[in-house]
>>> print(open('input-v7.pdb').read())   # PDB, C-alpha atoms
ATOM      1  CA  MET A   1      -8.136  30.817  16.069
ATOM      2  CA  VAL A   2      -9.351  27.240  16.498
ATOM      3  CA  MET A   3      -6.605  24.609  16.488
ATOM      4  CA  LYS A   4      -6.785  22.314  13.477
ATOM      5  CA  THR A   5      -6.839  18.562  14.017
ATOM      6  CA  ILE A   6      -5.141  15.729  12.126
ATOM      7  CA  LEU A   7      -6.234  12.124  12.486
ATOM      8  CA  TYR A   8      -3.237   9.919  11.719
ATOM      9  CA  ILE A   9      -3.839   6.223  10.923
ATOM     10  CA  HIS A  10      -0.855   3.909  11.211
ATOM     11  CA  GLY A  11       0.066   0.847   9.168
ATOM     12  CA  LEU A  12       0.247  -2.859   9.919
ATOM     13  CA  SER A  13       2.302  -3.836  12.998
ATOM     14  CA  SER A  14       2.550  -0.207  14.087
ATOM     15  CA  SER A  15       0.759   2.002  16.601
ATOM     16  CA  GLY A  16      -0.243   5.566  17.303
ATOM     17  CA  ALA A  17       3.265   6.045  18.734
ATOM     18  CA  SER A  18       4.891   5.561  15.328
ATOM     19  CA  GLY A  19       7.672   7.789  14.110
ATOM     20  CA  THR A  20       5.327   9.332  11.550
ATOM     21  CA  ALA A  21       2.859  10.390  14.252
ATOM     22  CA  ARG A  22       5.671  11.855  16.363
ATOM     23  CA  HIS A  23       7.145  13.717  13.383
ATOM     24  CA  LEU A  24       3.738  15.148  12.426
ATOM     25  CA  GLN A  25       3.243  16.512  15.940
ATOM     26  CA  ALA A  26       6.789  17.906  16.125
ATOM     27  CA  LEU A  27       6.538  19.587  12.719
ATOM     28  CA  LEU A  28       3.012  20.896  13.325
ATOM     29  CA  PRO A  29       3.072  22.158  16.929
ATOM     30  CA  ASP A  30       0.023  24.366  16.319
ATOM     31  CA  MET A  31      -2.092  21.384  15.263
ATOM     32  CA  ARG A  32      -3.555  18.574  17.342
ATOM     33  CA  VAL A  33      -2.542  15.111  16.114
ATOM     34  CA  ILE A  34      -4.824  12.246  17.114
ATOM     35  CA  ALA A  35      -3.056   8.927  16.516
ATOM     36  CA  PRO A  36      -4.950   5.948  17.943
ATOM     37  CA  ASP A  37      -3.750   2.373  18.200
ATOM     38  CA  LEU A  38      -5.904   0.431  15.742
ATOM     39  CA  PRO A  39      -7.674  -2.731  16.853
ATOM     40  CA  ILE A  40      -6.386  -5.774  14.987
ATOM     41  CA  ASP A  41      -9.853  -6.706  13.702
ATOM     42  CA  PRO A  42     -10.586  -4.665  10.534
ATOM     43  CA  ASP A  43     -14.274  -4.067  11.272
ATOM     44  CA  GLU A  44     -13.490  -2.876  14.803
ATOM     45  CA  ALA A  45     -10.731  -0.626  13.449
ATOM     46  CA  LEU A  46     -12.964   0.987  10.826
ATOM     47  CA  ALA A  47     -15.821   1.445  13.305
ATOM     48  CA  MET A  48     -13.448   3.110  15.779
ATOM     49  CA  LEU A  49     -12.096   5.433  13.058
ATOM     50  CA  ARG A  50     -15.572   6.397  11.851
ATOM     51  CA  ASN A  51     -16.542   7.171  15.449
ATOM     52  CA  LEU A  52     -13.406   9.299  15.892
ATOM     53  CA  VAL A  53     -14.211  11.242  12.727
ATOM     54  CA  ALA A  54     -17.768  11.838  13.964
ATOM     55  CA  THR A  55     -16.708  12.988  17.438
ATOM     56  CA  GLU A  56     -13.375  14.746  16.763
ATOM     57  CA  ARG A  57     -14.179  16.154  13.312
ATOM     58  CA  PRO A  58     -10.546  16.236  12.087
ATOM     59  CA  ASP A  59      -9.633  18.803   9.467
ATOM     60  CA  ILE A  60      -7.643  16.142   7.625
ATOM     61  CA  VAL A  61      -6.974  12.414   7.870
ATOM     62  CA  ILE A  62      -3.541  11.024   6.987
ATOM     63  CA  GLY A  63      -3.146   7.272   6.624
ATOM     64  CA  THR A  64      -0.034   5.300   5.717
ATOM     65  CA  SER A  65       0.044   1.818   4.170
ATOM     66  CA  MET A  66      -2.748  -0.196   5.819
ATOM     67  CA  GLY A  67      -3.826   3.076   7.424
ATOM     68  CA  GLY A  68      -4.275   4.425   3.893
ATOM     69  CA  MET A  69      -6.707   1.601   3.160
ATOM     70  CA  PHE A  70      -8.724   2.538   6.250
ATOM     71  CA  ALA A  71      -8.489   6.296   5.568
ATOM     72  CA  GLN A  72      -9.744   5.780   2.014
ATOM     73  CA  GLN A  73     -12.976   4.447   3.523
ATOM     74  CA  LEU A  74     -13.578   7.632   5.543
ATOM     75  CA  TYR A  75     -15.305   8.970   2.449
ATOM     76  CA  ASP A  76     -16.526  12.326   3.813
ATOM     77  CA  SER A  77     -13.136  13.369   5.206
ATOM     78  CA  LYS A  78     -10.399  15.355   3.540
ATOM     79  CA  LYS A  79      -7.530  12.914   3.402
ATOM     80  CA  ILE A  80      -4.054  11.990   2.261
ATOM     81  CA  ILE A  81      -3.339   8.308   1.807
ATOM     82  CA  VAL A  82       0.362   7.513   1.622
ATOM     83  CA  ASN A  83       1.490   4.341  -0.149
ATOM     84  CA  PRO A  84      -1.940   2.811   0.510
ATOM     85  CA  ALA A  85      -2.056  -0.966   1.005
ATOM     86  CA  PHE A  86      -5.478  -1.727  -0.446
ATOM     87  CA  HIS A  87      -4.780  -5.471  -0.120
ATOM     88  CA  VAL A  88      -2.994  -5.795   3.218
ATOM     89  CA  SER A  89      -4.489  -9.295   3.542
ATOM     90  CA  ARG A  90      -1.977 -10.494   0.912
ATOM     91  CA  THR A  91       0.914  -9.347   3.099
ATOM     92  CA  MET A  92      -0.720 -10.787   6.193
ATOM     93  CA  ARG A  93      -1.132 -14.231   4.591
ATOM     94  CA  LYS A  94       2.669 -14.418   4.324
ATOM     95  CA  GLN A  95       2.994 -13.707   8.070
ATOM     96  CA  ILE A  96       0.567 -16.193   9.666
ATOM     97  CA  GLY A  97       1.389 -16.569  13.357
ATOM     98  CA  VAL A  98       2.569 -14.304  16.155
ATOM     99  CA  CYS A  99       3.965 -10.948  14.990
ATOM    100  CA  ALA A 100       5.658  -8.180  16.958
ATOM    101  CA  PHE A 101       4.367  -4.633  17.090
ATOM    102  CA  LEU A 102       7.036  -2.222  15.858
ATOM    103  CA  ASN A 103       6.016   0.582  18.238
ATOM    104  CA  PRO A 104       4.672   0.739  21.801
ATOM    105  CA  ARG A 105       0.916   0.514  22.224
ATOM    106  CA  LYS A 106      -1.166   2.103  24.966
ATOM    107  CA  ASP A 107      -2.559  -1.290  26.010
ATOM    108  CA  GLY A 108       0.990  -2.626  26.489
ATOM    109  CA  ALA A 109       0.590  -5.357  23.864
ATOM    110  CA  THR A 110       3.875  -6.290  22.201
ATOM    111  CA  THR A 111       2.572  -8.965  19.804
ATOM    112  CA  TYR A 112      -0.531  -9.872  17.843
ATOM    113  CA  THR A 113      -1.569 -13.010  15.989
ATOM    114  CA  ILE A 114      -2.392 -13.245  12.300
ATOM    115  CA  THR A 115      -4.725 -16.133  11.539
ATOM    116  CA  PRO A 116      -6.245 -17.246   8.221
ATOM    117  CA  GLU A 117      -9.617 -16.102   9.606
ATOM    118  CA  LEU A 118      -8.251 -12.607  10.284
ATOM    119  CA  CYS A 119      -6.870 -12.485   6.742
ATOM    120  CA  ASN A 120     -10.301 -13.486   5.439
ATOM    121  CA  ARG A 121     -11.938 -10.606   7.363
ATOM    122  CA  TYR A 122      -9.464  -8.133   5.850
ATOM    123  CA  GLU A 123      -9.990  -9.595   2.389
ATOM    124  CA  GLU A 124     -13.758  -9.171   2.730
ATOM    125  CA  MET A 125     -13.322  -5.513   3.678
ATOM    126  CA  GLU A 126     -10.873  -4.980   0.805
ATOM    127  CA  ARG A 127     -13.347  -6.464  -1.641
ATOM    128  CA  HIS A 128     -15.895  -3.745  -0.810
ATOM    129  CA  GLN A 129     -13.695  -0.770   0.080
ATOM    130  CA  PHE A 130     -14.472   1.156  -3.124
ATOM    131  CA  ASP A 131     -18.201   0.344  -3.291
ATOM    132  CA  VAL A 132     -19.658   3.657  -2.131
ATOM    133  CA  ILE A 133     -17.221   6.305  -3.364
ATOM    134  CA  THR A 134     -18.916   9.590  -4.216
ATOM    135  CA  GLU A 135     -17.717  12.521  -6.313
ATOM    136  CA  ASN A 136     -17.290  14.406  -3.032
ATOM    137  CA  ALA A 137     -14.955  11.662  -1.755
ATOM    138  CA  ILE A 138     -12.981  11.751  -5.005
ATOM    139  CA  THR A 139     -12.463  15.505  -4.638
ATOM    140  CA  LYS A 140     -11.383  15.207  -0.975
ATOM    141  CA  THR A 141      -8.885  12.376  -1.475
ATOM    142  CA  TRP A 142      -5.190  12.749  -2.296
ATOM    143  CA  ALA A 143      -2.603   9.991  -2.521
ATOM    144  CA  LEU A 144       1.164  10.119  -2.221
ATOM    145  CA  PHE A 145       3.248   7.360  -3.780
ATOM    146  CA  GLY A 146       6.926   6.801  -3.033
ATOM    147  CA  GLU A 147       8.951   6.415  -6.212
ATOM    148  CA  HIS A 148      11.035   3.659  -4.603
ATOM    149  CA  ASP A 149       8.318   1.784  -2.707
ATOM    150  CA  GLN A 150       9.268  -1.908  -2.936
ATOM    151  CA  VAL A 151       6.552  -3.063  -0.498
ATOM    152  CA  VAL A 152       3.219  -2.014  -2.026
ATOM    153  CA  ASN A 153       2.224  -0.397  -5.299
ATOM    154  CA  CYS A 154      -1.483   0.345  -5.581
ATOM    155  CA  ARG A 155      -1.188   3.433  -7.799
ATOM    156  CA  GLU A 156      -2.958   1.917 -10.810
ATOM    157  CA  GLU A 157      -5.806   0.650  -8.635
ATOM    158  CA  TYR A 158      -6.084   4.051  -6.934
ATOM    159  CA  LEU A 159      -6.378   5.738 -10.335
ATOM    160  CA  GLN A 160      -9.317   3.520 -11.252
ATOM    161  CA  TYR A 161     -11.330   5.410  -8.613
ATOM    162  CA  TYR A 162      -9.526   8.663  -7.809
ATOM    163  CA  ARG A 163      -7.547  11.332  -9.640
ATOM    164  CA  ASN A 164      -5.570  13.461  -7.135
ATOM    165  CA  TYR A 165      -2.066  12.195  -6.451
ATOM    166  CA  LYS A 166       1.595  13.104  -6.289
ATOM    167  CA  THR A 167       4.776  11.095  -6.186
ATOM    168  CA  PHE A 168       7.710  11.721  -3.886
ATOM    169  CA  GLU A 169      11.331  10.669  -3.672
ATOM    170  CA  GLY A 170      10.994   7.990  -1.063
ATOM    171  CA  GLU A 171      10.229   4.413  -0.118
ATOM    172  CA  HIS A 172       7.279   2.709   1.568
ATOM    173  CA  ARG A 173       8.010   4.036   5.033
ATOM    174  CA  LEU A 174       8.124   7.779   5.426
ATOM    175  CA  CYS A 175      11.297   9.392   6.657
ATOM    176  CA  PHE A 176      11.393  12.745   8.438
ATOM    177  CA  GLU A 177      12.262  14.575   5.205
ATOM    178  CA  ASN A 178       9.320  12.981   3.322
ATOM    179  CA  ILE A 179       6.943  14.151   6.032
ATOM    180  CA  ARG A 180       8.459  17.646   6.210
ATOM    181  CA  ASP A 181       8.857  18.237   2.473
ATOM    182  CA  THR A 182       5.897  16.358   0.959
ATOM    183  CA  VAL A 183       3.173  15.352   3.426
ATOM    184  CA  ILE A 184       2.960  18.551   5.463
ATOM    185  CA  PRO A 185       2.886  21.034   2.553
ATOM    186  CA  LEU A 186       0.094  19.017   0.928
ATOM    187  CA  ALA A 187      -1.813  18.738   4.208
ATOM    188  CA  LYS A 188      -1.592  22.513   4.717
ATOM    189  CA  GLN A 189      -2.849  23.165   1.188
ATOM    190  CA  ILE A 190      -5.775  20.786   1.703
ATOM    191  CA  CYS A 191      -6.673  22.250   5.112
ATOM    192  CA  LEU A 192      -6.601  25.766   3.675
ATOM    193  CA  ASP A 193      -8.556  24.691   0.563
ATOM    194  CA  THR A 194      -5.844  26.078  -1.695
ATOM    195  CA  ILE A 195      -5.558  22.910  -3.753
TER     196      ILE A 195
END
>>> encode(input="input-v7.pdb", output="structure tokens")
Amino acid sequence: MVMKTILYIHGLSSSGASGTARHLQALLPDMRVIAPDLPIDPDEALAMLRNLVATERPDIVIGTSMGGMFAQQLYDSKKIIVNPAFHVSRTMRKQIGVCAFLNPRKDGATTYTITPELCNRYEEMERHQFDVITENAITKTWALFGEHDQVVNCREEYLQYYRNYKTFEGEHRLCFENIRDTVIPLAKQICLDTI
């Protein structure tokens, strides 16, 4: 049997070495988890992700927070977007300056710089992120929203374009139990086309 592949897309200030990526791999030892470090520039990040989808052909994409915003734009992929931050530029504008990465990155970088120009590039992407949604993309997209998310709430905006979603007992950041009890069962259903 061919090993299934997950592409995991991390959130702002994180990396492919996030706790979520590690938990996914630990809980799904028979699946390959690809979890890249995203470039800071939004256009570079989306181009890299589209290239990964084309070359690696993941069975499912899982994106959290800012990663959910990027995953949403991988229209032809089966995906789960968790607490998607469709307007991460708003958060970034409150953090202008040097920011620390929360997890180690393969390039060794420990900080990155948010500038007004970077925020503008994200805002431009956000403005057009829903422009080319197809019925196929709507069918392949699921969202998970934490009932106690105090960081981002884009559920109403999501429902303007999509219909598949669930809520879970959790906050913005996923804990081990959220991944085990909510994300993984949904991912398995989607990969097996039983939902």
>>> resolve_selection(input="input-v7.pdb", expression="the PyMOL selection byres ((chain A and resi 103) around 10)", output="PDB file with C-alpha atoms, in the coordinates of the input")
ATOM      1  CA  SER A  13       2.302  -3.836  12.998  1.00  0.00           C
ATOM      2  CA  SER A  14       2.550  -0.207  14.087  1.00  0.00           C
ATOM      3  CA  SER A  15       0.759   2.002  16.601  1.00  0.00           C
ATOM      4  CA  GLY A  16      -0.243   5.566  17.303  1.00  0.00           C
ATOM      5  CA  ALA A  17       3.265   6.045  18.734  1.00  0.00           C
ATOM      6  CA  SER A  18       4.891   5.561  15.328  1.00  0.00           C
ATOM      7  CA  GLY A  19       7.672   7.789  14.110  1.00  0.00           C
ATOM      8  CA  ASP A  37      -3.750   2.373  18.200  1.00  0.00           C
ATOM      9  CA  ALA A 100       5.658  -8.180  16.958  1.00  0.00           C
ATOM     10  CA  PHE A 101       4.367  -4.633  17.090  1.00  0.00           C
ATOM     11  CA  LEU A 102       7.036  -2.222  15.858  1.00  0.00           C
ATOM     12  CA  PRO A 104       4.672   0.739  21.801  1.00  0.00           C
ATOM     13  CA  ARG A 105       0.916   0.514  22.224  1.00  0.00           C
ATOM     14  CA  LYS A 106      -1.166   2.103  24.966  1.00  0.00           C
ATOM     15  CA  ALA A 109       0.590  -5.357  23.864  1.00  0.00           C
ATOM     16  CA  THR A 110       3.875  -6.290  22.201  1.00  0.00           C
TER      17      THR A 110
END
>>> closest_residue(input="input-v7.pdb", among="A:Ile184, A:Ile133, A:Ile6, A:Cys119", to="Arg90 in chain A", atoms="only C-alpha atoms")
A:Cys119
>>> residues_around(input="input-v7.pdb", residues="range 61-73 of chain A", least_positions_apart="6", cutoff="6 Å", atoms="all atoms listed in the file", output="MDAnalysis selection string")
chainID A and resid 6:12 79:86
>>> closest_residue(input="input-v7.pdb", among="A:Pro58, A:His23, A:Leu118, A:Thr91", to="Val183 in chain A", atoms="all atoms listed in the file")
A:His23
>>> residues_near_point(input="input-v7.pdb", point="(-14.0, -2.5, 0.1)", cutoff="12 Å", atoms="all atoms listed in the file", output="list in words")
Pro42, Asp43, Leu46, Met69, Phe70, Ala71, Gln72, Gln73, Leu74, Tyr75, Phe86, His87, Val88, Arg121, Tyr122, Glu123, Glu124, Met125, Glu126, Arg127, His128, Gln129, Phe130, Asp131, Val132 and Ile133 of chain A
>>> atom_distance(input="input-v7.pdb", atom1="CA of Glu177 in chain A", atom2="CA of Asn164 in chain A")
21.7 Å
>>> residues_near_point(input="input-v7.pdb", point="(-9.8, 1.8, 16.5)", cutoff="7 Å", atoms="only C-alpha atoms", output="PyMOL selection string")
chain A and resi 36-39+44-49
>>> residues_around(input="input-v7.pdb", residues="Ala26 in chain A", least_positions_apart="4", cutoff="12 Å", atoms="all atoms listed in the file", output="ChimeraX atom specification")
/A:19-22,30-33,176,179-180,184
>>> closest_residue(input="input-v7.pdb", among="A:Leu192, A:Ile40, A:Val151, A:Leu24", to="Tyr112 in chain A", atoms="only C-alpha atoms")
A:Ile40
>>> residues_around(input="input-v7.pdb", residues="Tyr161 in chain A", least_positions_apart="4", cutoff="10 Å", atoms="all atoms listed in the file", output="PDB file with C-alpha atoms, in the coordinates of the input")
ATOM      1  CA  PHE A 130     -14.472   1.156  -3.124  1.00  0.00           C
ATOM      2  CA  ILE A 133     -17.221   6.305  -3.364  1.00  0.00           C
ATOM      3  CA  THR A 134     -18.916   9.590  -4.216  1.00  0.00           C
ATOM      4  CA  GLU A 135     -17.717  12.521  -6.313  1.00  0.00           C
ATOM      5  CA  ALA A 137     -14.955  11.662  -1.755  1.00  0.00           C
ATOM      6  CA  ILE A 138     -12.981  11.751  -5.005  1.00  0.00           C
ATOM      7  CA  GLU A 156      -2.958   1.917 -10.810  1.00  0.00           C
ATOM      8  CA  GLU A 157      -5.806   0.650  -8.635  1.00  0.00           C
TER       9      GLU A 157
END
>>> atom_distance(input="input-v7.pdb", atom1="CA of Leu52 in chain A", atom2="CA of Ile34 in chain A")
9.2 Å
>>> resolve_selection(input="input-v7.pdb", expression="the PyMOL selection byres ((chain A and resi 97) around 10)", output="number ranges by chain")
A: 92-96, 98-99, 112-116
>>> residues_around(input="input-v7.pdb", residues="Gly146 in chain A", least_positions_apart="3", cutoff="8 Å", atoms="all atoms listed in the file", output="ChimeraX atom specification")
/A:83,149,167-172
>>> atom_distance(input="input-v7.pdb", atom1="CA of Ser89 in chain A", atom2="CA of Ile60 in chain A")
26.0 Å
>>> closest_residue(input="input-v7.pdb", among="A:Ile190, A:Leu159, A:Cys154, A:Leu144", to="Arg173 in chain A", atoms="only C-alpha atoms")
A:Leu144
>>> axis_aligned_box(input="input-v7.pdb", around="range 56-61 of chain A", padding_each_side="3 Å", output="JSON")
{"center_x": -10.6, "center_y": 15.6, "center_z": 12.2, "size_x": 13.2, "size_y": 12.4, "size_z": 15.1}
>>> closest_residue(input="input-v7.pdb", among="A:Thr141, A:Gln25, A:Asn51, A:Asn153", to="Asp76 in chain A", atoms="all atoms listed in the file")
A:Thr141
